[in-house]
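Note sheet for the following structure.
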Amino acid sequence: MLASNQSHGESAQRGEPIHLIGTIVDLIITVAALVAFNLFPDRIGIYGSAVDPSTFAPVLAPAFWAFLPWLNAIWAMALVISVVNLVLRRWTVPVHALDMARDLLTILVMALMIAGEPLALDPPLSLVARMVLAIALFAVLAELIGKVGHLMSGAHIARPKPA
C-alpha cells in the first residue's frame, strides 16, 4: 500500500499540479450558483431598502432565465473539472480540453447575453450587467488564449525526473 501511494504521489508531482485551495473554492462557488439559480430562483433579487427593510425586488429579467440551461452546462463542466482535478491532484490533457471547451461555451453564452434582450428588470442595472459581462468575456478570452499557448508549449506534459 505504501509503495502504491508513493508511486501515485511521485506521478502527481511529475504532472502539472492543481491549485488545491483554488479548486476547492471553484467547486464551492459552482455548487452555490447551481443551487441558488436552480432551486431558489424566486429569491434572487434585492432585499430591503432604506424605507422598508422587509421589501424584496427581483432583478433578473425573463431574458436571463432563457440562458439558464446554458449556464447549467457551463457549471456542470466546471464541476467535472474540479472533481477530476481534486481526485487526480493534477491536470490531464482531457481535463484541459474540457476546460477550454467550457471557456468557449462561456464566451459564446456571454456574447449572446450581451447582444440579447435586457438581463435585468431595471434598465440601468441591465446596462451594468452588460458592461460586467463584456469585461468578463475579454478576461475569459485572454485566459483561453493563455491556456492554448500553455498546451502548445508542452508545459502540461509530465516529464520524468532526471536520474
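All residue names refer to the C-alpha cells as shown: chains lettered A, B, ... in order, residues numbered from 1 in each chain, ligands numbered from 1 in order.
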| field | Sel. of alpha helix (DSSP H) residues, range 10-139 of chain A, as JSON, numbers by chain | value | {"A": [10, 11, 12, 13, 14, 20, 21, 22, 23, 24, 25, 26, 27, 28, 29, 30, 31, 32, 33, 34, 35, 36, 37, 38, 39, 62, 63, 64, 65, 68, 69, 70, 71, 72, 73, 74, 75, 76, 77, 78, 79, 80, 81, 82, 83, 84, 85, 86, 87, 88, 93, 94, 95, 96, 97, 98, 99, 100, 101, 102, 103, 104, 105, 106, 107, 108, 109, 110, 111, 112, 113, 114, 115, 123, 124, 125, 126, 127, 128, 129, 130, 131, 132, 133, 134, 135, 136, 137, 138, 139]}
| message | Which residues are close to range 28-35 of chain A, i.e. within 8 Å by only C-alpha atoms, leaving aside same-chain residues fewer than 3 positions away? Reply as a PyMOL selection string. | response | chain A and resi 24-25+38-40+72+75+78-79
Selected residues written out, C-alpha atoms, as an mmCIF file, in the first residue's frame:
data_model
loop_
_atom_site.group_PDB
_atom_site.id
_atom_site.type_symbol
_atom_site.label_atom_id
_atom_site.label_comp_id
_atom_site.auth_asym_id
_atom_site.auth_seq_id
_atom_site.Cartn_x
_atom_site.Cartn_y
_atom_site.Cartn_z
ATOM 1 C CA ILE A 24 -11.999 23.855 -3.745
ATOM 2 C CA VAL A 25 -13.172 27.481 -3.909
ATOM 3 C CA ASN A 38 -31.981 26.284 -9.925
ATOM 4 C CA LEU A 39 -33.577 25.721 -6.524
ATOM 5 C CA PHE A 40 -34.215 29.289 -5.364
ATOM 6 C CA ASN A 72 -26.096 24.934 -16.077
ATOM 7 C CA TRP A 75 -21.409 24.970 -14.291
ATOM 8 C CA ALA A 78 -16.816 23.287 -14.065
ATOM 9 C CA LEU A 79 -17.937 20.686 -11.512
#
| query | Which neighbours of Pro94 in chain A fall inside 12 Å, counting only C-alpha atoms, when residues of the same chain fewer than 2 positions from it are skipped, and could you give them as a list in words? | reply |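 Near Pro94 in chain A, the qualifying residues are Val80, Ile81, Val84, Asn85, Arg90, Trp91, Thr92, His96, Ala97, Leu98, Asp99, Met100, Ala101, Leu151 and His156 of chain A.
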| message | I'd like the interatomic distance between CA of Trp70 in chain A and CA of Leu86 in chain A, to a tenth of an Å. | response |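 It comes out at 24.4 Å.
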| Can you tell me how far CA of Phe37 in chain A sits from CA of Thr55 in chain A, in Å to one decimal? |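 Calculated distance between CA of Phe37 in chain A and CA of Thr55 in chain A is 20.2 Å.
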| Which value, in Å to one decimal, gives the distance between CA of Ala139 in chain A and CA of Val109 in chain A? |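 Atom-to-atom, CA of Ala139 in chain A to CA of Val109 in chain A, that is 14.1 Å.
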| said: Please determine, counting only C-alpha atoms, which residue among A:Val83, A:Ile145, A:Ala136, A:Val59 has the shortest atom-to-atom distance to Pro124 in chain A. | reply: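 Closest to Pro124 in chain A, using only C-alpha atoms: A:Val59.
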| request: Name the residues of chain A that come out as strand (DSSP E) in a backbone DSSP run; write them as a PyMOL selection string. | output: chain A and resi 16-17+45-47+56-58+90-91
Using N, CA and C atoms, can you export the residues from the last selection as a PDB file, in the first residue's frame?
ATOM      1  N   GLU A  16       1.305  18.156 -13.998  1.00  0.00           N
ATOM      2  CA  GLU A  16       1.031  19.560 -13.712  1.00  0.00           C
ATOM      3  C   GLU A  16       0.092  19.634 -12.516  1.00  0.00           C
ATOM      4  N   PRO A  17       0.557  20.138 -11.378  1.00  0.00           N
ATOM      5  CA  PRO A  17      -0.263  20.118 -10.166  1.00  0.00           C
ATOM      6  C   PRO A  17      -1.423  21.110 -10.251  1.00  0.00           C
ATOM      7  N   GLY A  45     -32.575  38.541  -5.887  1.00  0.00           N
ATOM      8  CA  GLY A  45     -33.016  39.913  -6.048  1.00  0.00           C
ATOM      9  C   GLY A  45     -32.402  40.799  -4.986  1.00  0.00           C
ATOM     10  N   ILE A  46     -33.053  41.913  -4.762  1.00  0.00           N
ATOM     11  CA  ILE A  46     -32.576  42.882  -3.774  1.00  0.00           C
ATOM     12  C   ILE A  46     -33.512  42.828  -2.569  1.00  0.00           C
ATOM     13  N   TYR A  47     -32.903  42.617  -1.416  1.00  0.00           N
ATOM     14  CA  TYR A  47     -33.667  42.539  -0.175  1.00  0.00           C
ATOM     15  C   TYR A  47     -33.541  43.844   0.587  1.00  0.00           C
ATOM     16  N   PHE A  56     -38.687  43.069  -1.012  1.00  0.00           N
ATOM     17  CA  PHE A  56     -37.877  42.240  -1.904  1.00  0.00           C
ATOM     18  C   PHE A  56     -38.228  42.633  -3.331  1.00  0.00           C
ATOM     19  N   ALA A  57     -37.206  42.825  -4.143  1.00  0.00           N
ATOM     20  CA  ALA A  57     -37.420  43.167  -5.544  1.00  0.00           C
ATOM     21  C   ALA A  57     -36.589  42.235  -6.422  1.00  0.00           C
ATOM     22  N   PRO A  58     -37.249  41.444  -7.274  1.00  0.00           N
ATOM     23  CA  PRO A  58     -36.477  40.606  -8.197  1.00  0.00           C
ATOM     24  C   PRO A  58     -35.708  41.497  -9.171  1.00  0.00           C
ATOM     25  N   ARG A  90      -3.919  16.572 -10.283  1.00  0.00           N
ATOM     26  CA  ARG A  90      -3.131  17.132 -11.378  1.00  0.00           C
ATOM     27  C   ARG A  90      -4.045  17.330 -12.580  1.00  0.00           C
ATOM     28  N   TRP A  91      -3.594  18.182 -13.492  1.00  0.00           N
ATOM     29  CA  TRP A  91      -4.296  18.400 -14.746  1.00  0.00           C
ATOM     30  C   TRP A  91      -3.923  17.295 -15.722  1.00  0.00           C
TER      31      TRP A  91
END
All residues 10 Å or closer to Glu117 in chain A, only C-alpha atoms, same chain fewer than 2 positions away omitted, as a short mmCIF file (atom, residue, chain, number, x, y, z; two decimals) with N, CA and C atoms, in the first residue's frame:
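As written to disk, result14.cif reads:
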data_model
loop_
_atom_site.label_atom_id
_atom_site.label_comp_id
_atom_site.auth_asym_id
_atom_site.auth_seq_id
_atom_site.Cartn_x
_atom_site.Cartn_y
_atom_site.Cartn_z
N ALA A 61 -34.41 39.65 -15.44
CA ALA A 61 -35.47 39.66 -16.43
C ALA A 61 -35.67 38.25 -17.01
N PRO A 62 -36.80 38.02 -17.65
CA PRO A 62 -37.03 36.71 -18.29
C PRO A 62 -35.93 36.33 -19.30
N ALA A 63 -35.34 37.31 -19.94
CA ALA A 63 -34.27 37.01 -20.91
C ALA A 63 -33.09 36.30 -20.23
N PHE A 64 -32.81 36.66 -18.98
CA PHE A 64 -31.72 35.99 -18.26
C PHE A 64 -32.05 34.51 -18.08
N LEU A 112 -23.85 36.19 -26.38
CA LEU A 112 -25.30 36.19 -26.63
C LEU A 112 -26.05 36.99 -25.57
N MET A 113 -25.60 36.91 -24.33
CA MET A 113 -26.24 37.67 -23.25
C MET A 113 -26.05 39.17 -23.46
N ILE A 114 -24.85 39.54 -23.89
CA ILE A 114 -24.57 40.96 -24.12
C ILE A 114 -25.41 41.49 -25.28
N ALA A 115 -25.53 40.70 -26.35
CA ALA A 115 -26.22 41.14 -27.56
C ALA A 115 -27.74 41.01 -27.46
N LEU A 119 -31.07 41.91 -19.41
CA LEU A 119 -30.95 40.81 -18.45
C LEU A 119 -31.55 41.14 -17.09
N ALA A 120 -31.71 42.41 -16.82
CA ALA A 120 -32.26 42.85 -15.53
C ALA A 120 -33.55 43.63 -15.78
N SER A 126 -29.35 46.63 -15.99
CA SER A 126 -29.11 45.81 -17.17
C SER A 126 -27.89 46.29 -17.93
#
| field | Contact residues around Thr106 in chain A with only C-alpha atoms at 9 Å, ignoring same-chain residues under 3 positions, as a list in words | value |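 Selected residues are Trp70, Leu71, Ile74, Ala101, Arg102, Asp103, Val109, Met110, Ala111, Leu137 and Val140 of chain A.
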| task | Go through A:Leu20, A:Val51, A:Val93, A:Ala76 one by one, measure the shortest atom-to-atom distance of each to Lys147 in chain A using only C-alpha atoms, and give the residue with the smallest value. | result | A:Val93
